[in-house]
$ cat work_20.tsv   # TSV, C-alpha atoms
chain	number	residue	atom	x	y	z
Z	13	MET	CA	12.61	44.98	-8.17
Z	14	SER	CA	10.35	43.35	-5.66
Z	15	TRP	CA	6.90	43.52	-7.24
Z	16	ASN	CA	7.88	42.53	-10.77
Z	17	LEU	CA	5.91	45.18	-12.55
Z	18	THR	CA	5.88	45.05	-16.33
Z	19	ASN	CA	6.82	47.96	-18.52
Z	20	ASP	CA	4.00	48.31	-20.98
Z	21	ARG	CA	1.00	49.05	-18.75
Z	22	PRO	CA	0.15	51.81	-16.29
Z	23	ILE	CA	1.84	51.10	-12.96
Z	24	TYR	CA	-1.19	51.91	-10.79
Z	25	LEU	CA	-3.31	49.34	-12.66
Z	26	GLN	CA	-0.72	46.66	-12.01
Z	27	ILE	CA	-0.67	47.55	-8.33
Z	28	VAL	CA	-4.48	47.41	-8.19
Z	29	GLU	CA	-4.31	43.92	-9.69
Z	30	ARG	CA	-1.60	42.81	-7.28
Z	31	ILE	CA	-3.55	43.89	-4.22
Z	32	GLN	CA	-6.81	42.47	-5.61
Z	33	MET	CA	-5.04	39.18	-6.06
Z	34	ALA	CA	-3.69	39.30	-2.50
Z	35	ILE	CA	-7.22	39.89	-1.18
Z	36	VAL	CA	-8.87	37.21	-3.31
Z	37	SER	CA	-6.22	34.62	-2.50
Z	38	GLY	CA	-6.51	35.33	1.22
Z	39	ALA	CA	-3.00	36.72	1.67
Z	40	TYR	CA	-4.87	39.75	3.00
Z	41	GLN	CA	-7.80	38.69	5.17
Z	42	PRO	CA	-11.08	40.63	5.47
Z	43	GLY	CA	-10.61	43.40	8.03
Z	44	ASP	CA	-6.78	43.33	7.83
Z	45	LYS	CA	-5.05	46.68	8.11
Z	46	LEU	CA	-3.00	47.74	5.10
Z	47	PRO	CA	0.49	49.21	5.57
Z	48	SER	CA	0.79	52.96	5.00
Z	49	VAL	CA	1.08	54.39	1.50
Z	50	ARG	CA	4.70	55.20	2.13
Z	51	GLU	CA	5.55	51.68	3.31
Z	52	LEU	CA	3.73	50.06	0.41
Z	53	ALA	CA	5.38	52.44	-2.06
Z	54	ALA	CA	8.82	51.65	-0.69
Z	55	LYS	CA	8.11	47.92	-0.78
Z	56	ALA	CA	6.92	48.05	-4.40
Z	57	SER	CA	9.62	50.60	-5.36
Z	58	VAL	CA	7.04	52.91	-6.87
Z	59	ASN	CA	6.17	56.53	-6.43
Z	60	PRO	CA	3.93	57.21	-3.38
Z	61	ASN	CA	1.49	59.19	-5.53
Z	62	THR	CA	1.09	56.16	-7.79
Z	63	MET	CA	0.44	53.93	-4.77
Z	64	GLN	CA	-2.09	56.47	-3.50
Z	65	LYS	CA	-3.88	56.39	-6.83
Z	66	ALA	CA	-4.02	52.58	-6.82
Z	67	LEU	CA	-5.45	52.53	-3.28
Z	68	SER	CA	-8.06	55.15	-4.19
Z	69	GLU	CA	-9.07	52.98	-7.11
Z	70	LEU	CA	-9.46	49.96	-4.80
Z	71	GLU	CA	-11.46	52.12	-2.42
Z	72	THR	CA	-13.81	53.18	-5.20
Z	73	GLY	CA	-14.38	49.52	-5.97
Z	74	GLY	CA	-15.07	48.82	-2.30
Z	75	LEU	CA	-12.34	46.22	-1.68
Z	76	VAL	CA	-10.53	48.62	0.62
Z	77	TYR	CA	-11.93	51.26	2.95
Z	78	THR	CA	-10.46	54.08	4.97
Z	79	GLN	CA	-11.16	54.67	8.62
Z	80	ARG	CA	-10.62	58.33	9.18
Z	81	THR	CA	-7.98	58.16	11.85
Z	82	SER	CA	-6.63	54.65	11.86
Z	83	GLY	CA	-5.74	53.90	8.25
Z	84	ARG	CA	-6.84	51.61	5.46
Z	85	PHE	CA	-8.45	48.20	5.84
Z	86	ILE	CA	-9.51	45.29	3.66
Z	87	THR	CA	-13.29	45.07	3.25
Z	88	GLU	CA	-15.25	42.68	5.43
Z	89	ASP	CA	-17.81	42.23	2.68
Z	90	ARG	CA	-17.08	38.59	1.83
Z	91	GLU	CA	-19.64	38.57	-0.97
Z	92	LEU	CA	-17.75	41.38	-2.70
Z	93	ILE	CA	-14.49	39.41	-2.38
Z	94	ALA	CA	-16.19	36.30	-3.75
Z	95	SER	CA	-17.65	38.18	-6.72
Z	96	THR	CA	-14.26	39.75	-7.41
Z	97	ARG	CA	-12.75	36.27	-7.45
Z	98	ARG	CA	-15.39	35.11	-9.95
Z	99	ARG	CA	-14.74	38.13	-12.16
Z	100	LEU	CA	-10.95	37.57	-12.10
Z	101	ALA	CA	-11.46	33.87	-12.86
Z	102	ARG	CA	-13.58	34.74	-15.88
Z	103	GLU	CA	-10.93	37.15	-17.14
Z	104	GLU	CA	-8.21	34.55	-16.72
Z	105	PHE	CA	-10.36	32.02	-18.53
Z	106	HIS	CA	-10.91	34.37	-21.46
Z	107	THR	CA	-7.19	34.89	-21.81
Z	108	PHE	CA	-6.62	31.15	-21.73
Z	109	VAL	CA	-9.32	30.45	-24.34
Z	110	ARG	CA	-7.95	33.15	-26.62
Z	111	GLN	CA	-4.50	31.55	-26.51
Z	112	MET	CA	-5.88	28.06	-27.09
Z	113	LYS	CA	-7.82	29.35	-30.09
Z	114	GLY	CA	-4.54	30.73	-31.37
Z	115	LEU	CA	-3.25	27.15	-31.23
Z	116	GLY	CA	-6.24	26.05	-33.30
Z	117	TYR	CA	-8.30	24.50	-30.50
Z	118	THR	CA	-12.10	24.64	-30.67
Z	119	PRO	CA	-14.12	25.06	-27.44
Z	120	GLU	CA	-14.92	21.32	-27.61
Z	121	ASP	CA	-11.22	20.46	-27.95
Z	122	ILE	CA	-10.45	22.64	-24.94
Z	123	ALA	CA	-13.16	21.01	-22.85
Z	124	GLN	CA	-11.97	17.56	-23.84
Z	125	LEU	CA	-8.33	18.33	-23.15
Z	126	THR	CA	-9.22	19.83	-19.77
Z	127	ARG	CA	-11.14	16.68	-18.74
Z	128	GLN	CA	-8.40	14.43	-19.99
Z	129	LEU	CA	-5.64	16.26	-18.16
Z	130	LEU	CA	-7.61	16.41	-14.93
Z	131	GLU	CA	-8.27	12.66	-15.14
Z	132	GLU	CA	-4.58	12.03	-15.63
Z	133	GLY	CA	-4.11	13.94	-12.39
Z	134	MET	CA	-1.96	16.71	-13.81
Z	135	LYS	CA	-1.03	19.16	-11.14
Z	136	ILE	CA	-2.08	22.61	-12.26
Z	137	ASP	CA	0.97	24.41	-10.92
Z	138	GLU	CA	3.50	22.21	-12.62
J	29	MET	CA	0.31	77.28	-1.91
J	30	SER	CA	2.09	78.65	-4.97
J	31	GLU	CA	3.85	76.50	-7.55
J	32	LEU	CA	7.30	75.34	-6.55
J	33	LEU	CA	8.90	76.15	-9.87
J	34	THR	CA	7.67	78.32	-12.73
J	35	CYS	CA	9.55	78.91	-15.99
J	36	GLN	CA	8.11	81.30	-18.54
J	37	ASN	CA	9.42	81.49	-22.11
J	38	LEU	CA	12.86	80.69	-20.78
J	39	SER	CA	15.75	80.81	-23.26
J	40	LYS	CA	19.49	80.56	-22.91
J	41	ARG	CA	21.85	81.35	-25.74
J	42	PHE	CA	25.60	80.64	-25.84
J	43	GLY	CA	27.06	82.72	-28.68
J	44	SER	CA	24.72	82.13	-31.57
J	45	LYS	CA	23.45	78.78	-30.32
J	46	TYR	CA	20.32	78.38	-28.24
J	47	ALA	CA	20.88	75.69	-25.60
J	48	LEU	CA	17.35	76.24	-24.37
J	49	SER	CA	14.59	78.02	-26.20
J	50	ASP	CA	11.16	79.17	-25.11
J	51	VAL	CA	10.67	76.71	-22.26
J	52	SER	CA	7.53	77.22	-20.18
J	53	LEU	CA	7.01	74.87	-17.29
J	54	THR	CA	5.47	74.64	-13.84
J	55	LEU	CA	6.27	72.03	-11.22
J	56	GLY	CA	4.12	71.36	-8.18
J	57	ARG	CA	4.99	69.99	-4.75
J	58	GLY	CA	5.29	66.39	-3.65
J	59	GLN	CA	6.43	65.09	-7.01
J	60	ILE	CA	9.34	63.23	-8.50
J	61	ILE	CA	10.00	64.48	-12.00
J	62	GLY	CA	12.37	62.96	-14.54
J	63	LEU	CA	14.14	65.32	-16.92
J	64	LEU	CA	15.04	63.22	-19.92
J	65	GLY	CA	16.75	63.94	-23.18
J	66	PRO	CA	19.77	62.97	-25.24
J	67	ASN	CA	23.17	64.58	-24.76
J	68	GLY	CA	23.12	68.25	-25.61
J	69	SER	CA	19.36	68.62	-25.34
J	70	GLY	CA	19.60	71.31	-22.65
J	71	LYS	CA	19.03	69.35	-19.43
J	72	THR	CA	22.03	70.73	-17.58
J	73	THR	CA	21.43	74.23	-18.91
J	74	LEU	CA	17.90	74.17	-17.48
J	75	ILE	CA	19.20	72.82	-14.18
J	76	LYS	CA	21.87	75.51	-13.96
J	77	LEU	CA	19.31	78.23	-14.68
J	78	ILE	CA	17.09	76.95	-11.86
J	79	ASN	CA	20.10	76.97	-9.53
J	80	GLY	CA	21.03	80.52	-10.45
J	81	LEU	CA	24.35	79.43	-11.96
J	82	LEU	CA	23.33	80.82	-15.34
J	83	VAL	CA	21.23	83.86	-16.15
J	84	PRO	CA	18.43	83.54	-18.74
J	85	THR	CA	18.92	85.24	-22.10
J	86	GLU	CA	15.16	85.68	-22.40
J	87	GLY	CA	12.19	84.84	-20.21
J	88	TRP	CA	12.17	84.29	-16.46
J	89	LEU	CA	11.83	81.69	-13.76
J	90	THR	CA	10.90	81.61	-10.09
J	91	VAL	CA	11.41	79.08	-7.32
J	92	ASN	CA	8.75	79.43	-4.62
J	93	GLY	CA	7.87	82.76	-6.19
J	94	LEU	CA	11.45	84.05	-5.92
J	95	THR	CA	14.01	84.84	-8.60
J	96	PRO	CA	17.07	82.56	-8.19
J	97	GLY	CA	19.40	84.01	-5.56
J	98	VAL	CA	20.67	83.39	-2.05
J	99	GLU	CA	17.25	82.49	-0.63
J	100	THR	CA	16.40	80.00	-3.40
J	101	LYS	CA	19.82	78.36	-3.00
J	102	ARG	CA	18.89	77.73	0.60
J	103	GLN	CA	15.72	75.99	-0.53
J	104	ILE	CA	17.33	73.88	-3.25
J	105	ALA	CA	19.63	70.91	-2.72
J	106	TYR	CA	21.63	70.44	-5.89
J	107	LEU	CA	23.72	67.51	-7.02
J	108	PRO	CA	25.85	68.74	-9.92
J	109	GLU	CA	27.21	66.42	-12.57
J	110	ARG	CA	30.78	67.08	-11.39
J	111	THR	CA	32.18	67.05	-7.91
J	112	TYR	CA	33.17	70.25	-6.18
J	113	LEU	CA	34.43	68.71	-2.95
J	114	ASN	CA	38.08	68.73	-1.98
J	115	ARG	CA	39.72	65.37	-2.49
J	116	TRP	CA	41.76	65.56	0.70
J	117	MET	CA	38.71	66.01	2.93
J	118	LYS	CA	37.41	63.23	5.12
J	119	VAL	CA	33.70	62.46	4.99
J	120	ARG	CA	33.46	63.50	8.64
J	121	ASP	CA	34.95	66.92	7.84
J	122	ILE	CA	32.62	67.40	4.91
J	123	LEU	CA	29.65	66.68	7.18
J	124	LYS	CA	30.87	69.37	9.57
J	125	PHE	CA	31.39	71.74	6.67
J	126	PHE	CA	27.86	71.13	5.38
J	127	SER	CA	26.19	71.47	8.77
J	128	THR	CA	27.93	74.80	9.31
J	129	PHE	CA	27.15	76.05	5.83
J	130	TYR	CA	23.52	74.93	5.55
J	131	ASP	CA	21.10	75.52	8.41
J	132	ASN	CA	18.85	72.77	7.01
J	133	PHE	CA	21.47	70.00	6.93
J	134	ASN	CA	20.54	66.89	8.93
J	135	THR	CA	23.79	65.27	10.15
J	136	GLY	CA	21.97	62.37	11.79
J	137	ARG	CA	20.33	61.36	8.54
J	138	ALA	CA	23.64	61.60	6.68
J	139	LEU	CA	25.38	59.34	9.21
J	140	GLN	CA	22.56	56.80	8.99
J	141	MET	CA	22.78	56.69	5.20
J	142	LEU	CA	26.58	56.38	5.26
J	143	ASP	CA	26.20	53.47	7.67
J	144	ASP	CA	23.54	51.81	5.48
J	145	LEU	CA	25.90	51.93	2.52
J	146	GLY	CA	28.92	50.83	4.53
J	147	ILE	CA	30.89	54.05	4.08
J	148	ASP	CA	33.34	54.95	6.85
J	149	PRO	CA	33.10	58.64	7.84
J	150	GLN	CA	36.84	58.58	8.62
J	151	GLU	CA	37.74	57.86	5.04
J	152	SER	CA	38.85	60.67	2.76
J	153	LEU	CA	37.50	61.19	-0.73
J	154	LYS	CA	40.80	60.56	-2.50
J	155	THR	CA	40.91	56.91	-1.45
J	156	MET	CA	37.37	56.23	-2.59
J	157	SER	CA	36.18	54.68	-5.82
J	158	LYS	CA	34.20	56.78	-8.27
J	159	GLY	CA	30.93	55.11	-7.28
J	160	THR	CA	31.51	55.59	-3.55
J	161	LYS	CA	32.29	59.29	-4.09
J	162	GLU	CA	29.03	59.62	-5.98
J	163	LYS	CA	27.17	57.98	-3.12
J	164	VAL	CA	28.73	60.38	-0.61
J	165	GLN	CA	27.70	63.37	-2.67
J	166	LEU	CA	24.18	62.11	-3.09
J	167	ILE	CA	23.92	61.49	0.65
J	168	LEU	CA	25.04	65.06	1.33
J	169	VAL	CA	22.35	66.41	-0.97
J	170	MET	CA	19.56	64.17	0.30
J	171	SER	CA	20.41	64.98	3.92
J	172	ARG	CA	19.25	68.55	3.55
J	173	ASP	CA	15.63	69.41	4.38
J	174	VAL	CA	14.63	71.51	1.41
J	175	GLU	CA	11.69	71.98	-0.91
J	176	LEU	CA	13.41	71.18	-4.16
J	177	TYR	CA	16.06	68.54	-4.81
J	178	ILE	CA	17.77	68.75	-8.17
J	179	LEU	CA	19.86	65.76	-9.11
J	180	ASP	CA	21.89	65.87	-12.31
J	181	GLU	CA	22.64	62.24	-13.27
J	182	PRO	CA	22.51	60.90	-9.71
J	183	ILE	CA	22.75	57.17	-10.35
J	184	GLY	CA	24.99	56.89	-13.39
J	185	GLY	CA	28.13	55.66	-11.65
J	186	VAL	CA	26.77	53.43	-8.90
J	187	ASP	CA	26.09	49.71	-9.02
J	188	PRO	CA	22.52	48.38	-9.36
J	189	ALA	CA	22.24	47.35	-5.70
J	190	ALA	CA	23.24	50.80	-4.48
J	191	ARG	CA	20.93	52.28	-7.12
J	192	ASP	CA	18.01	50.40	-5.57
J	193	TYR	CA	19.03	51.64	-2.13
J	194	ILE	CA	19.23	55.21	-3.39
J	195	LEU	CA	15.81	55.02	-5.02
J	196	ARG	CA	14.33	53.51	-1.86
J	197	THR	CA	15.97	56.29	0.13
J	198	ILE	CA	14.45	58.88	-2.13
J	199	LEU	CA	11.05	57.26	-1.73
J	200	SER	CA	11.17	56.83	2.02
J	201	ASN	CA	12.42	60.38	2.58
J	202	TYR	CA	9.55	61.54	0.46
J	203	ASN	CA	8.03	64.68	1.89
J	204	PRO	CA	4.68	65.86	0.50
J	205	ASN	CA	5.96	69.44	0.36
J	206	SER	CA	9.17	68.69	-1.53
J	207	SER	CA	9.79	67.78	-5.13
J	208	ILE	CA	12.68	66.05	-6.80
J	209	LEU	CA	13.80	66.92	-10.31
J	210	LEU	CA	16.30	64.45	-11.68
J	211	SER	CA	17.99	64.08	-15.00
J	212	THR	CA	19.19	60.69	-16.16
J	213	HIS	CA	19.81	58.38	-19.07
J	214	LEU	CA	18.90	55.31	-17.04
J	215	ILE	CA	15.19	55.61	-17.58
J	216	ALA	CA	14.20	51.97	-17.17
J	217	ASP	CA	15.71	51.91	-13.68
J	218	ILE	CA	13.78	54.86	-12.39
J	219	GLU	CA	10.57	55.17	-14.30
J	220	ASN	CA	8.51	53.41	-11.62
J	221	VAL	CA	9.41	56.06	-9.09
J	222	LEU	CA	8.58	59.05	-11.29
J	223	ASP	CA	5.33	61.01	-11.32
J	224	ASP	CA	6.05	63.11	-14.37
J	225	VAL	CA	8.53	62.98	-17.18
J	226	ILE	CA	9.77	65.87	-19.27
J	227	PHE	CA	11.41	65.15	-22.63
J	228	LEU	CA	13.83	67.82	-23.77
J	229	GLN	CA	14.70	67.88	-27.43
J	230	ASP	CA	17.00	70.50	-28.98
J	231	GLY	CA	16.41	72.87	-26.10
J	232	GLN	CA	12.64	72.56	-26.13
J	233	ILE	CA	10.10	70.53	-24.18
J	234	SER	CA	8.67	67.94	-26.54
J	235	LEU	CA	6.64	66.04	-23.94
J	236	HIS	CA	5.47	66.61	-20.37
J	237	ALA	CA	3.19	63.87	-19.03
J	238	THR	CA	2.82	61.37	-16.21
J	239	VAL	CA	4.41	57.94	-16.57
J	240	ASP	CA	1.01	56.24	-16.44
J	241	GLU	CA	-0.44	58.59	-19.08
J	242	ILE	CA	2.38	57.64	-21.40
J	243	ARG	CA	1.93	53.91	-20.74
J	244	ALA	CA	-1.86	54.11	-21.17
J	245	ARG	CA	-1.61	56.15	-24.36
J	246	GLU	CA	1.38	54.49	-26.01
J	247	GLY	CA	1.15	50.97	-24.57
J	248	LYS	CA	4.86	51.07	-23.88
J	249	SER	CA	7.28	52.15	-21.20
J	250	VAL	CA	8.83	55.60	-21.03
J	251	ASP	CA	12.16	53.95	-21.77
J	252	GLU	CA	10.86	52.45	-25.02
J	253	LEU	CA	9.20	55.70	-26.00
J	254	PHE	CA	12.45	57.57	-25.38
J	255	ARG	CA	14.36	55.18	-27.64
J	256	GLU	CA	11.80	55.74	-30.36
J	257	VAL	CA	11.58	59.52	-30.10
J	258	PHE	CA	15.33	59.97	-29.94
J	259	ARG	CA	16.39	57.22	-32.33
J	260	CYS	CA	19.72	58.13	-33.87
$ encode --input "work_20.tsv" --output "structure tokens"
Amino acid sequence: MSWNLTNDRPIYLQIVERIQMAIVSGAYQPGDKLPSVRELAAKASVNPNTMQKALSELETGGLVYTQRTSGRFITEDRELIASTRRRLAREEFHTFVRQMKGLGYTPEDIAQLTRQLLEEGMKIDE
Amino acid sequence: MSELLTCQNLSKRFGSKYALSDVSLTLGRGQIIGLLGPNGSGKTTLIKLINGLLVPTEGWLTVNGLTPGVETKRQIAYLPERTYLNRWMKVRDILKFFSTFYDNFNTGRALQMLDDLGIDPQESLKTMSKGTKEKVQLILVMSRDVELYILDEPIGGVDPAARDYILRTILSNYNPNSSILLSTHLIADIENVLDDVIFLQDGQISLHATVDEIRAREGKSVDELFREVFRC
């Protein structure tokens, strides 16, 4: 279905990650209003209680806040969004390094390969 | 508010065989619960007990604090595994029948859902395919405003696109005071919409947990866990 959730991890965690990603990438802008729990749940084809749990989790982290009467909004704290981006980048990098190590690459090899590929002008998303 | 459904040491025996033994269970409001188990594990027996179609051999159960009877039947919308509608009836006539019979039947919602699925209310059941008949019956059940929906194998015979529509319908008609109990074999298709799952094994509850608890604890989907637990 629409959000491509995987089967082996808790659903609410995957939703938290999806929305974090949307905030960090700018798909959701600071101060944007989020759709209602029900709408988001229907869009993601997940249980509304699960969506609620994911949004509460994001609220605890500060990326999302609730205004009593008018709904949920994306934080306007740009520093928090920037630090979230740095944290996600580090996590991605760790995953990448772990896989490269599995291929037998040392940190020096990885650094060298990265430079070489960038010089050759490899497009990252290809 | 009280629990929606309470079962206490519930058993049902047919002859010398226990179809259900010593089941204790409470279900709250605003939840979608999957009742899962292999054939013959007691799913339908439990569902029939809740609907007052069978009487417990031992133990008891209440729906909204009431023993199953006329009042609880009013508060439960039940989709049985087999059809009970007359083949010669047109969908339009069945809608009339339902709105006369049930004071909580919402004809407008039923017509909207029929339209969404491209079903003509003038058509009669006998000219419909198996899947379309199943859709009609599910629409009838979901068009009632009740506190407990019980669906016995609701999506088995319909195609994946209609299955998605049905799940979305269930989610968007979600009412925080109502719960849905559904039995199915098609776990992978529905596990994202479930709050809780109940595994029935040889007439007993072997697991009652939330989907995310299972994934966090086992590192696998409910579907995979089911295949492991019930490996033949």
$ closest_residue --input "work_20.tsv" --among "J:Ser44, J:Asn201, J:Asn134, J:Thr34" --to "J:Leu89" --atoms "only C-alpha atoms"
J:Thr34
$ interface_residues --input "work_20.tsv" --of "chain Z" --to "chain J" --cutoff "9 Å" --atoms "all atoms listed in the file" --output "tab-separated table (two decimals) with C-alpha atoms, in the coordinates of the input"
chain	number	residue	atom	x	y	z
Z	13	MET	CA	12.61	44.98	-8.17
Z	17	LEU	CA	5.91	45.18	-12.55
Z	18	THR	CA	5.88	45.05	-16.33
Z	19	ASN	CA	6.82	47.96	-18.52
Z	20	ASP	CA	4.00	48.31	-20.98
Z	21	ARG	CA	1.00	49.05	-18.75
Z	22	PRO	CA	0.15	51.81	-16.29
Z	23	ILE	CA	1.84	51.10	-12.96
Z	24	TYR	CA	-1.19	51.91	-10.79
Z	25	LEU	CA	-3.31	49.34	-12.66
Z	50	ARG	CA	4.70	55.20	2.13
Z	51	GLU	CA	5.55	51.68	3.31
Z	53	ALA	CA	5.38	52.44	-2.06
Z	54	ALA	CA	8.82	51.65	-0.69
Z	55	LYS	CA	8.11	47.92	-0.78
Z	57	SER	CA	9.62	50.60	-5.36
Z	58	VAL	CA	7.04	52.91	-6.87
Z	59	ASN	CA	6.17	56.53	-6.43
Z	60	PRO	CA	3.93	57.21	-3.38
Z	61	ASN	CA	1.49	59.19	-5.53
Z	62	THR	CA	1.09	56.16	-7.79
$ residues_around --input "work_20.tsv" --residues "J:Arg172" --least-positions-apart "5" --cutoff "9 Å" --atoms "all atoms listed in the file" --output "ChimeraX atom specification"
/J:104-105,130-135,137-138,167,177
$ residues_around --input "work_20.tsv" --residues "J:Lys154" --least-positions-apart "6" --cutoff "8 Å" --atoms "only C-alpha atoms" --output "PyMOL selection string"
chain J and resi 115-117
$ atom_distance --input "work_20.tsv" --atom1 "atom CA of J:Phe227" --atom2 "atom CA of J:Ser49"
13.7 Å
$ residues_around --input "work_20.tsv" --residues "J:Leu228" --least-positions-apart "6" --cutoff "8 Å" --atoms "all atoms listed in the file" --output "mmCIF file with C-alpha atoms, in the coordinates of the input"
data_model
loop_
_atom_site.group_PDB
_atom_site.id
_atom_site.type_symbol
_atom_site.label_atom_id
_atom_site.label_comp_id
_atom_site.auth_asym_id
_atom_site.auth_seq_id
_atom_site.Cartn_x
_atom_site.Cartn_y
_atom_site.Cartn_z
ATOM 1 C CA LEU J 63 14.140 65.320 -16.920
ATOM 2 C CA LEU J 64 15.040 63.220 -19.920
ATOM 3 C CA GLY J 65 16.750 63.940 -23.180
ATOM 4 C CA PRO J 66 19.770 62.970 -25.240
ATOM 5 C CA SER J 69 19.360 68.620 -25.340
ATOM 6 C CA GLY J 70 19.600 71.310 -22.650
ATOM 7 C CA LYS J 71 19.030 69.350 -19.430
ATOM 8 C CA SER J 234 8.670 67.940 -26.540
ATOM 9 C CA LEU J 235 6.640 66.040 -23.940
#
$ residues_around --input "work_20.tsv" --residues "Z:Arg90" --least-positions-apart "6" --cutoff "10 Å" --atoms "all atoms listed in the file" --output "list in words"
Val36, Gln41, Pro42, Leu75 and Thr96 of chain Z
$ residues_around --input "work_20.tsv" --residues "Z:Thr78" --least-positions-apart "5" --cutoff "10 Å" --atoms "only C-alpha atoms" --output "number ranges by chain"
Z: 45-46, 67-68, 71, 83-87
$ atom_distance --input "work_20.tsv" --atom1 "atom CA of J:Asp224" --atom2 "atom CA of J:His236"
7.0 Å
$ build_atoms --input "work_20.tsv" --residues "stretch 133-152 of chain J" --atoms "N, CA and C atoms" --output "mmCIF file, in the coordinates of the input"
data_model
loop_
_atom_site.group_PDB
_atom_site.id
_atom_site.type_symbol
_atom_site.label_atom_id
_atom_site.label_comp_id
_atom_site.auth_asym_id
_atom_site.auth_seq_id
_atom_site.Cartn_x
_atom_site.Cartn_y
_atom_site.Cartn_z
ATOM 1 N N PHE J 133 20.783 71.272 7.119
ATOM 2 C CA PHE J 133 21.470 70.000 6.930
ATOM 3 C C PHE J 133 21.254 69.098 8.132
ATOM 4 N N ASN J 134 20.865 67.844 7.863
ATOM 5 C CA ASN J 134 20.540 66.890 8.930
ATOM 6 C C ASN J 134 21.673 65.866 9.066
ATOM 7 N N THR J 135 22.607 66.130 9.989
ATOM 8 C CA THR J 135 23.790 65.270 10.150
ATOM 9 C C THR J 135 23.411 63.842 10.523
ATOM 10 N N GLY J 136 22.403 63.704 11.369
ATOM 11 C CA GLY J 136 21.970 62.370 11.790
ATOM 12 C C GLY J 136 21.549 61.519 10.610
ATOM 13 N N ARG J 137 20.783 62.110 9.708
ATOM 14 C CA ARG J 137 20.330 61.360 8.540
ATOM 15 C C ARG J 137 21.510 60.969 7.660
ATOM 16 N N ALA J 138 22.465 61.882 7.501
ATOM 17 C CA ALA J 138 23.640 61.600 6.680
ATOM 18 C C ALA J 138 24.425 60.416 7.254
ATOM 19 N N LEU J 139 24.621 60.419 8.578
ATOM 20 C CA LEU J 139 25.380 59.340 9.210
ATOM 21 C C LEU J 139 24.669 57.999 9.028
ATOM 22 N N GLN J 140 23.346 58.023 9.165
ATOM 23 C CA GLN J 140 22.560 56.800 8.990
ATOM 24 C C GLN J 140 22.738 56.249 7.570
ATOM 25 N N MET J 141 22.662 57.134 6.578
ATOM 26 C CA MET J 141 22.780 56.690 5.200
ATOM 27 C C MET J 141 24.184 56.175 4.891
ATOM 28 N N LEU J 142 25.203 56.838 5.446
ATOM 29 C CA LEU J 142 26.580 56.380 5.260
ATOM 30 C C LEU J 142 26.727 54.966 5.826
ATOM 31 N N ASP J 143 26.139 54.778 7.006
ATOM 32 C CA ASP J 143 26.200 53.470 7.670
ATOM 33 C C ASP J 143 25.494 52.408 6.829
ATOM 34 N N ASP J 144 24.301 52.755 6.318
ATOM 35 C CA ASP J 144 23.540 51.810 5.480
ATOM 36 C C ASP J 144 24.353 51.356 4.269
ATOM 37 N N LEU J 145 25.141 52.274 3.722
ATOM 38 C CA LEU J 145 25.900 51.930 2.520
ATOM 39 C C LEU J 145 27.328 51.502 2.837
ATOM 40 N N GLY J 146 27.610 51.331 4.128
ATOM 41 C CA GLY J 146 28.920 50.830 4.530
ATOM 42 C C GLY J 146 30.060 51.770 4.222
ATOM 43 N N ILE J 147 29.827 53.080 4.341
ATOM 44 C CA ILE J 147 30.890 54.050 4.080
ATOM 45 C C ILE J 147 31.399 54.590 5.419
ATOM 46 N N ASP J 148 32.712 54.522 5.604
ATOM 47 C CA ASP J 148 33.340 54.950 6.850
ATOM 48 C C ASP J 148 33.539 56.469 6.840
ATOM 49 N N PRO J 149 32.961 57.175 7.813
ATOM 50 C CA PRO J 149 33.100 58.640 7.840
ATOM 51 C C PRO J 149 34.551 59.103 8.012
ATOM 52 N N GLN J 150 35.436 58.194 8.442
ATOM 53 C CA GLN J 150 36.840 58.580 8.620
ATOM 54 C C GLN J 150 37.620 58.562 7.308
ATOM 55 N N GLU J 151 37.025 57.995 6.299
ATOM 56 C CA GLU J 151 37.740 57.860 5.040
ATOM 57 C C GLU J 151 37.758 59.192 4.295
ATOM 58 N N SER J 152 38.832 59.436 3.540
ATOM 59 C CA SER J 152 38.850 60.670 2.760
ATOM 60 C C SER J 152 38.497 60.364 1.313
#
